[in-house]
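This is data.txt (compact mmCIF, C-alpha atoms).
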# COMPACT_ATOMS: atom_id res chain seq x y z
CA MET A 188 -0.31 18.63 -2.27
CA HIS A 189 1.70 16.39 0.00
CA GLU A 190 2.86 19.01 2.50
CA MET A 191 0.19 17.84 4.96
CA GLY A 192 1.80 14.41 5.11
CA ILE A 193 5.22 15.94 5.56
CA ALA A 194 4.00 18.28 8.31
CA SER A 195 2.45 15.28 10.00
CA SER A 196 5.80 13.42 9.82
CA VAL A 197 7.53 16.41 11.42
CA ILE A 198 5.06 16.47 14.30
CA ASP A 199 5.30 12.70 14.82
CA ALA A 200 9.08 13.01 14.98
CA VAL A 201 8.89 15.84 17.52
CA ARG A 202 6.59 13.74 19.73
CA HIS A 203 8.95 10.81 19.40
CA GLU A 204 12.02 12.87 20.33
CA SER A 205 10.14 14.36 23.27
CA GLU A 206 9.19 10.89 24.55
CA LEU A 207 12.82 9.80 24.32
CA ARG A 208 13.67 12.69 26.67
CA ASN A 209 11.03 12.01 29.35
CA GLY A 210 8.41 14.20 27.70
CA VAL A 211 10.47 17.37 27.59
CA ARG A 212 8.65 20.31 26.04
CA VAL A 213 9.88 21.07 22.52
CA LEU A 214 9.74 24.78 21.69
CA LYS A 215 11.01 24.86 18.17
CA VAL A 216 11.93 22.50 15.37
CA GLY A 217 14.28 23.43 12.53
CA LEU A 218 14.18 21.86 9.08
CA ARG A 219 16.39 22.10 6.03
CA VAL A 220 14.36 22.10 2.81
CA GLY A 221 16.20 22.06 -0.49
CA GLU A 222 15.22 23.79 -3.69
CA PHE A 223 14.76 20.33 -5.25
CA ALA A 224 12.85 18.77 -2.35
CA ALA A 225 9.51 19.41 -4.10
CA VAL A 226 8.19 20.96 -0.91
CA ASP A 227 6.76 24.44 -0.69
CA PRO A 228 7.86 26.00 2.62
CA GLU A 229 4.80 28.26 2.90
CA SER A 230 2.40 25.40 2.28
CA LEU A 231 4.33 23.28 4.78
CA ARG A 232 4.01 26.02 7.38
CA PHE A 233 0.27 26.35 6.75
CA CYS A 234 -0.24 22.59 7.20
CA PHE A 235 1.99 22.50 10.27
CA GLU A 236 0.02 25.27 11.98
CA ALA A 237 -3.29 23.66 11.08
CA LEU A 238 -2.15 20.35 12.59
CA ILE A 239 -0.87 21.74 15.90
CA ALA A 240 -3.72 24.21 16.51
CA GLY A 241 -5.61 23.28 19.66
CA THR A 242 -3.22 20.47 20.59
CA ASP A 243 -0.58 20.22 23.30
CA LEU A 244 1.98 21.25 20.67
CA GLN A 245 0.26 24.47 19.69
CA HIS A 246 3.22 26.57 20.87
CA LEU A 247 5.71 24.64 18.74
CA GLN A 248 7.55 26.89 16.31
CA LEU A 249 8.72 25.81 12.87
CA ASP A 250 11.94 27.15 11.38
CA VAL A 251 12.50 26.31 7.71
CA GLN A 252 15.97 26.87 6.29
CA PHE A 253 15.71 26.95 2.52
CA CYS A 254 18.75 25.40 0.80
CA HIS A 255 19.72 26.35 -2.72
CA ARG A 256 21.28 24.00 -5.18
CA ARG A 257 25.01 23.59 -4.52
CA ASN A 258 27.59 22.40 -6.99
CA HIS A 259 31.10 21.08 -6.63
CA CYS A 260 33.78 22.04 -9.13
CA GLN A 261 35.52 18.95 -10.48
CA HIS A 262 38.42 21.12 -11.60
CA CYS A 263 39.42 23.11 -8.50
CA GLY A 264 37.23 21.52 -5.81
CA GLU A 265 35.29 24.67 -4.94
CA TYR A 266 31.73 24.32 -3.56
CA PHE A 267 29.36 27.06 -4.66
CA GLU A 268 25.68 27.98 -4.76
CA ALA A 269 24.35 27.25 -8.22
CA ALA A 270 21.60 29.71 -9.06
CA GLU A 271 21.58 30.24 -12.80
CA PHE A 272 22.41 27.84 -15.58
CA PRO A 273 25.07 27.26 -16.83
CA PHE A 274 26.76 26.49 -13.53
CA ILE A 275 30.22 28.05 -13.67
CA CYS A 276 32.73 27.77 -10.86
CA PRO A 277 33.27 31.24 -9.38
CA GLN A 278 36.88 30.34 -8.53
CA CYS A 279 38.24 28.95 -11.78
CA ASP A 280 35.44 29.49 -14.36
CA SER A 281 35.20 25.76 -15.07
CA ILE A 282 31.86 24.39 -16.27
CA ALA A 283 32.79 20.87 -15.15
CA THR A 284 30.70 20.90 -11.98
CA GLU A 285 28.39 18.39 -10.34
CA SER A 286 25.37 18.77 -8.12
CA LYS A 287 26.13 18.26 -4.43
CA GLY A 288 22.98 19.31 -2.64
CA GLY A 289 19.70 21.10 -2.80
CA ASP A 290 17.36 18.14 -2.35
CA GLU A 291 17.39 18.08 1.45
CA LEU A 292 14.25 17.38 3.44
CA GLU A 293 15.67 16.84 6.88
CA PHE A 294 15.69 17.92 10.48
CA ALA A 295 18.35 20.42 11.49
CA TYR A 296 17.71 20.93 15.20
CA MET A 297 15.19 20.99 18.02
CA GLU A 298 15.00 23.53 20.82
CA ILE A 299 13.79 22.13 24.10
CA GLU A 300 12.85 23.73 27.40
CA GLU A 301 15.53 23.95 30.08
CA THR A 302 14.83 21.53 32.89
CA MET B 223 16.80 26.97 26.16
CA ASN B 224 18.68 24.03 24.70
CA ARG B 225 19.33 23.48 21.03
CA ILE B 226 19.87 19.87 20.01
CA PRO B 227 21.19 19.02 16.55
CA MET B 228 19.11 16.39 14.72
CA GLU B 229 20.47 14.27 11.93
CA ARG B 230 17.57 12.53 10.29
CA LYS B 231 15.36 12.91 7.30
CA VAL B 232 11.79 14.09 7.68
CA LEU B 233 10.52 11.09 5.73
CA SER B 234 12.78 8.64 7.54
CA GLU B 235 9.87 6.25 8.16
CA ASN B 236 9.12 6.12 4.44
CA ASP B 237 12.83 5.73 3.72
CA ARG B 238 13.07 2.85 6.21
CA VAL B 239 10.28 0.92 4.45
CA ALA B 240 11.78 1.79 1.05
CA ALA B 241 15.13 0.37 2.18
CA GLU B 242 13.39 -2.86 3.21
CA LEU B 243 11.77 -3.11 -0.21
CA ARG B 244 15.07 -2.34 -1.95
CA ALA B 245 16.77 -5.13 0.00
CA ILE B 246 14.07 -7.60 -1.08
CA TYR B 247 14.40 -6.56 -4.73
CA GLU B 248 18.17 -6.81 -4.61
CA ARG B 249 18.08 -10.21 -2.95
CA ASN B 250 15.78 -11.55 -5.65
CA GLY B 251 17.38 -9.76 -8.59
CA THR B 252 14.13 -7.91 -9.29
CA LEU B 253 14.32 -4.67 -11.23
CA CYS B 254 11.84 -2.15 -9.78
CA VAL B 255 11.01 0.88 -11.93
CA ASN B 256 8.99 3.85 -10.65
CA PHE B 257 7.11 5.84 -13.34
CA ILE B 258 6.32 9.48 -12.66
CA SER B 259 4.62 12.03 -14.92
CA SER B 260 1.76 14.49 -15.23
CA PRO B 261 -1.69 12.97 -15.71
CA GLY B 262 -2.10 12.04 -19.37
CA SER B 263 1.56 11.79 -20.39
CA GLY B 264 1.13 8.13 -21.21
CA LYS B 265 2.40 6.07 -18.27
CA THR B 266 -0.32 3.46 -18.70
CA ALA B 267 0.04 3.46 -22.50
CA LEU B 268 3.81 2.93 -22.17
CA LEU B 269 3.21 0.02 -19.82
CA GLU B 270 0.53 -1.48 -22.09
CA ARG B 271 2.82 -1.48 -25.11
CA THR B 272 5.73 -2.72 -22.99
CA LEU B 273 3.72 -5.65 -21.61
CA ALA B 274 2.34 -6.45 -25.06
CA GLY B 275 5.90 -6.90 -26.33
CA PHE B 276 6.99 -9.31 -23.59
CA GLU B 277 6.86 -13.06 -24.09
CA ALA B 278 4.18 -14.75 -21.98
CA GLY B 279 6.77 -16.52 -19.83
CA ARG B 280 8.41 -13.33 -18.58
CA ARG B 281 8.00 -12.80 -14.84
CA VAL B 282 6.82 -9.22 -14.84
CA ALA B 283 4.24 -7.50 -12.62
CA VAL B 284 2.69 -4.07 -12.30
CA LEU B 285 1.46 -2.00 -9.37
CA THR B 286 -0.53 0.98 -10.56
CA GLY B 287 -1.52 3.89 -8.35
CA ASP B 288 -4.48 6.19 -8.75
CA ILE B 289 -6.54 8.35 -6.45
CA GLN B 290 -9.73 6.60 -7.55
CA THR B 291 -10.89 3.78 -9.88
CA ASP B 292 -9.22 0.56 -11.00
CA ASN B 293 -9.44 1.53 -14.68
CA ASP B 294 -5.66 1.36 -15.21
CA ALA B 295 -5.36 -2.06 -13.61
CA ARG B 296 -8.14 -3.36 -15.85
CA ARG B 297 -6.41 -1.91 -18.93
CA LEU B 298 -3.10 -3.47 -17.96
CA ALA B 299 -4.49 -6.86 -16.91
CA ARG B 300 -5.35 -7.69 -20.54
CA TYR B 301 -1.73 -8.63 -21.25
CA GLY B 302 -1.69 -11.66 -18.98
CA PHE B 303 0.75 -10.42 -16.35
CA PRO B 304 -0.15 -9.88 -12.69
CA VAL B 305 -1.44 -6.35 -12.09
CA ARG B 306 -2.69 -4.74 -8.91
CA GLN B 307 -4.30 -1.36 -8.39
CA ILE B 308 -3.38 0.80 -5.42
CA SER B 309 -6.19 3.27 -4.77
CA THR B 310 -4.73 6.02 -2.63
CA GLY B 311 -8.17 7.36 -1.70
CA GLY B 312 -7.11 10.96 -2.09
CA ALA B 313 -3.35 10.93 -1.68
CA CYS B 314 -1.48 12.52 -4.58
CA HIS B 315 1.46 10.08 -4.56
CA LEU B 316 2.45 6.53 -3.63
CA ASP B 317 4.57 5.99 -0.56
CA ALA B 318 6.70 3.00 0.33
CA ARG B 319 4.14 1.60 2.77
CA MET B 320 1.42 1.55 0.08
CA VAL B 321 3.78 -0.37 -2.20
CA GLN B 322 4.69 -2.80 0.59
CA LYS B 323 0.99 -3.43 1.22
CA GLY B 324 0.31 -3.70 -2.52
CA LEU B 325 2.91 -6.46 -2.80
CA GLU B 326 1.46 -8.63 -0.02
CA GLY B 327 1.10 -12.23 -1.08
CA TRP B 328 3.00 -11.89 -4.34
CA PRO B 329 5.88 -14.35 -4.87
CA LEU B 330 8.56 -11.67 -5.20
CA GLU B 331 11.40 -14.18 -5.38
CA ASP B 332 10.16 -15.12 -8.85
CA LEU B 333 9.88 -11.60 -10.22
CA GLU B 334 12.20 -10.21 -12.91
CA ILE B 335 10.68 -6.76 -13.24
CA LEU B 336 8.21 -4.83 -11.08
CA PHE B 337 6.75 -1.73 -12.69
CA VAL B 338 5.25 0.82 -10.29
CA GLU B 339 3.05 3.39 -11.98
CA ASN B 340 2.80 6.38 -9.65
CA VAL B 341 -0.19 8.71 -9.34
CA GLY B 342 -0.20 11.23 -12.21
CA ASN B 343 1.50 14.21 -10.61
CA LEU B 344 4.83 15.84 -11.36
CA VAL B 345 5.44 17.18 -7.84
CA CYS B 346 4.44 15.06 -4.87
CA PRO B 347 5.69 11.57 -5.90
CA THR B 348 9.20 12.99 -6.15
CA SER B 349 9.78 13.10 -2.40
CA TYR B 350 8.87 9.44 -1.82
CA ASP B 351 11.44 6.73 -2.33
CA LEU B 352 9.60 3.49 -3.18
CA GLY B 353 12.72 1.32 -3.07
CA GLU B 354 13.01 1.40 -6.86
CA LYS B 355 16.28 0.92 -8.67
CA SER B 356 15.29 3.19 -11.54
CA ARG B 357 13.10 6.23 -11.73
CA VAL B 358 11.55 7.14 -15.08
CA VAL B 359 9.87 10.45 -15.79
CA LEU B 360 7.63 10.79 -18.84
CA LEU B 361 7.20 14.02 -20.76
CA SER B 362 4.86 14.00 -23.76
CA VAL B 363 5.15 16.34 -26.71
CA THR B 364 1.65 17.69 -26.09
CA GLU B 365 2.98 19.33 -22.92
CA GLY B 366 5.32 22.29 -22.65
CA GLU B 367 8.97 21.60 -23.39
CA ASP B 368 9.88 23.66 -20.33
CA LYS B 369 8.37 21.17 -17.86
CA PRO B 370 11.87 20.14 -16.68
CA LEU B 371 12.47 23.74 -15.67
CA LYS B 372 9.04 24.15 -14.07
CA TYR B 373 9.26 20.88 -12.11
CA PRO B 374 13.02 20.54 -11.65
CA ALA B 375 12.91 18.29 -8.59
CA THR B 376 11.27 15.46 -10.51
CA PHE B 377 13.70 15.60 -13.44
CA TYR B 378 16.64 16.11 -11.08
CA ARG B 379 15.93 12.78 -9.42
CA ALA B 380 15.05 10.74 -12.51
CA ASP B 381 17.41 8.27 -14.18
CA LEU B 382 15.60 8.38 -17.51
CA MET B 383 13.27 10.78 -19.30
CA VAL B 384 10.95 9.14 -21.81
CA MET B 385 9.69 11.68 -24.32
CA ASN B 386 6.38 10.20 -25.39
CA LYS B 387 3.81 10.74 -28.17
CA LEU B 388 6.56 11.19 -30.73
CA ASP B 389 4.03 10.48 -33.53
CA LEU B 390 2.28 13.77 -32.65
CA LEU B 391 5.41 15.88 -33.02
CA PRO B 392 4.55 17.12 -36.56
CA TYR B 393 1.25 18.51 -35.27
CA VAL B 394 2.31 20.40 -32.17
CA PRO B 395 4.66 23.36 -31.55
CA PHE B 396 6.98 21.33 -29.33
CA ASP B 397 10.73 21.81 -29.60
CA ALA B 398 12.18 18.38 -28.83
CA ALA B 399 15.81 19.52 -28.79
CA LEU B 400 14.91 22.24 -26.32
CA ALA B 401 13.08 19.74 -24.08
CA HIS B 402 16.22 17.58 -24.04
CA GLU B 403 18.38 20.59 -23.24
CA TYR B 404 16.12 21.67 -20.37
CA ALA B 405 16.14 18.16 -18.90
CA ARG B 406 19.95 18.02 -19.05
CA ARG B 407 20.20 21.49 -17.60
CA VAL B 408 18.39 20.29 -14.49
CA ASN B 409 20.07 16.87 -14.46
CA PRO B 410 23.21 16.49 -16.60
CA GLN B 411 23.25 12.72 -15.95
CA ILE B 412 19.70 12.02 -17.14
CA GLU B 413 19.27 9.54 -19.99
CA ILE B 414 16.67 10.34 -22.64
CA LEU B 415 14.60 8.15 -24.97
CA ASN B 416 12.04 9.28 -27.54
CA VAL B 417 9.09 6.93 -28.02
CA SER B 418 5.63 6.62 -29.46
CA CYS B 419 3.31 4.17 -27.75
CA THR B 420 1.06 4.35 -30.82
CA THR B 421 3.60 3.47 -33.54
CA GLY B 422 6.14 1.66 -31.36
CA GLU B 423 8.96 3.96 -32.44
CA GLY B 424 11.77 3.96 -29.90
CA PHE B 425 10.67 0.74 -28.20
CA ASP B 426 13.77 -1.22 -29.26
CA GLU B 427 15.86 1.31 -27.33
CA TRP B 428 13.40 1.23 -24.42
CA TYR B 429 13.62 -2.58 -24.12
CA ARG B 430 17.41 -2.36 -24.34
CA TRP B 431 17.42 0.23 -21.57
CA LEU B 432 15.25 -2.03 -19.38
CA GLU B 433 17.51 -5.03 -19.98
CA ALA B 434 20.60 -2.95 -19.17
CA GLN B 435 18.98 -1.90 -15.90
CA ARG B 436 18.13 -5.52 -15.17
CA VAL B 437 21.72 -6.61 -15.75
CA GLN B 438 22.78 -4.02 -13.19
CA THR B 439 20.57 -5.71 -10.59
CA GLY B 440 22.83 -8.74 -10.94
CA ALA B 441 20.05 -10.85 -12.41
CA ALA B 442 21.20 -13.67 -14.65
CA GLY B 443 20.07 -13.88 -18.27

Could you render the structure from this file as structure tokens?
Amino acid sequence: MHEMGIASSVIDAVRHESELRNGVRVLKVGLRVGEFAAVDPESLRFCFEALIAGTDLQHLQLDVQFCHRRNHCQHCGEYFEAAEFPFICPQCDSIATESKGGDELEFAYMEIEET
Amino acid sequence: MNRIPMERKVLSENDRVAAELRAIYERNGTLCVNFISSPGSGKTALLERTLAGFEAGRRVAVLTGDIQTDNDARRLARYGFPVRQISTGGACHLDARMVQKGLEGWPLEDLEILFVENVGNLVCPTSYDLGEKSRVVLLSVTEGEDKPLKYPATFYRADLMVMNKLDLLPYVPFDAALAHEYARRVNPQIEILNVSCTTGEGFDEWYRWLEAQRVQTGAAG
């Protein structure tokens, strides 16, 4: 599993962002993880907690926002969550749709302590 | 408490190195292909047969990744083209930095095609951009035809699915049409080739596909 490496990248990024802000304490970090990111959120959380335990970041919270596949209708322009194949536009019933998301593995936000 | 929006990818460091590699390949007109599959689907066999069919003067090289051993590199080196093994020492995938290190000292400006054989794993390599132009996923007929549905992320991000071990199709309960349908369900744009590395069936199409990819890199001839 590669979630340990990803958790480690998250923690490195938090440290980096903290340094850029004169060492401000980061309380929480939010991620967006897509259905097609090949990352298991539970495994990521387990690795994250194992890595911060006993360190100066042990109070850091992880918020994972799971993102479903989203499609865009080439007929009417609607964006919709694509759960079950075939992907049919809920607005106009067209099947001419293209994938427009669901492979995210990115930071969404950071919560830092008031100074 | 202050909430600050962040706009960056988690693997931005990997992506930065991958972008450097991509720029080098594009500058030199090198086609880089990243091969991903389960262990045993035939990545090394596909590369062996591919190398065997190239004329000796072709400027082609292979980086092959495994957790342990240099067995694949030794298999591939028999065809007279430069081959290097990347031993990940436990990691289940290649990342861009390993590829960058693996390429050290190679005259990349002379290279037409660089094949990168990833670690056999249908999950973890998916997240790591290696700077490749083309991503190829192999599915062999001795596996389940529903692998595209079980591992959608890998098929979703692949340019081409190579369905391998075609010569075994009469002996296994594998529904090839269904495998194609599942792959297209996950990724409507995916191209599909059926090959046998034992009989050579499908290799004319495979070489044509490679040349078409190479033309897209802007390489001459």

If we count all atoms listed in the file, which residues of chain B reach to within 8 Å of chain A? Please list them as a list of chain:residue names.
->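 Result, ordered by chain then number: B:Met223, B:Asn224, B:Arg225, B:Ile226, B:Pro227, B:Met228, B:Glu229, B:Arg230, B:Lys231, B:Val232, B:Leu233, B:Ala313, B:Cys314, B:His315, B:Val345, B:Cys346, B:Thr348, B:Ser349, B:Pro374, B:Ala375, B:Thr376, B:Tyr378, B:Arg407.
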
Could you dump the residues just selected with C-alpha atoms as a PDB file, keeping the file's coordinate frame?
ATOM      1  CA  MET B 223      16.800  26.970  26.160  1.00  0.00           C
ATOM      2  CA  ASN B 224      18.680  24.030  24.700  1.00  0.00           C
ATOM      3  CA  ARG B 225      19.330  23.480  21.030  1.00  0.00           C
ATOM      4  CA  ILE B 226      19.870  19.870  20.010  1.00  0.00           C
ATOM      5  CA  PRO B 227      21.190  19.020  16.550  1.00  0.00           C
ATOM      6  CA  MET B 228      19.110  16.390  14.720  1.00  0.00           C
ATOM      7  CA  GLU B 229      20.470  14.270  11.930  1.00  0.00           C
ATOM      8  CA  ARG B 230      17.570  12.530  10.290  1.00  0.00           C
ATOM      9  CA  LYS B 231      15.360  12.910   7.300  1.00  0.00           C
ATOM     10  CA  VAL B 232      11.790  14.090   7.680  1.00  0.00           C
ATOM     11  CA  LEU B 233      10.520  11.090   5.730  1.00  0.00           C
ATOM     12  CA  ALA B 313      -3.350  10.930  -1.680  1.00  0.00           C
ATOM     13  CA  CYS B 314      -1.480  12.520  -4.580  1.00  0.00           C
ATOM     14  CA  HIS B 315       1.460  10.080  -4.560  1.00  0.00           C
ATOM     15  CA  VAL B 345       5.440  17.180  -7.840  1.00  0.00           C
ATOM     16  CA  CYS B 346       4.440  15.060  -4.870  1.00  0.00           C
ATOM     17  CA  THR B 348       9.200  12.990  -6.150  1.00  0.00           C
ATOM     18  CA  SER B 349       9.780  13.100  -2.400  1.00  0.00           C
ATOM     19  CA  PRO B 374      13.020  20.540 -11.650  1.00  0.00           C
ATOM     20  CA  ALA B 375      12.910  18.290  -8.590  1.00  0.00           C
ATOM     21  CA  THR B 376      11.270  15.460 -10.510  1.00  0.00           C
ATOM     22  CA  TYR B 378      16.640  16.110 -11.080  1.00  0.00           C
ATOM     23  CA  ARG B 407      20.200  21.490 -17.600  1.00  0.00           C
TER      24      ARG B 407
END

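As for CA of Arg256 in chain A and CA of Val408 in chain B, they are spaced 10.4 Å apart.
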
What is the CA of Asp250 in chain A-CA of Arg232 in chain A distance in Å, reported with one decimal?
->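 Between CA of Asp250 in chain A and CA of Arg232 in chain A the gap is 9.0 Å.
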
Work out how far CA of Ala267 in chain B is from CA of Thr364 in chain B, in Å to one decimal.
->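 CA of Ala267 in chain B lies 14.8 Å from CA of Thr364 in chain B.
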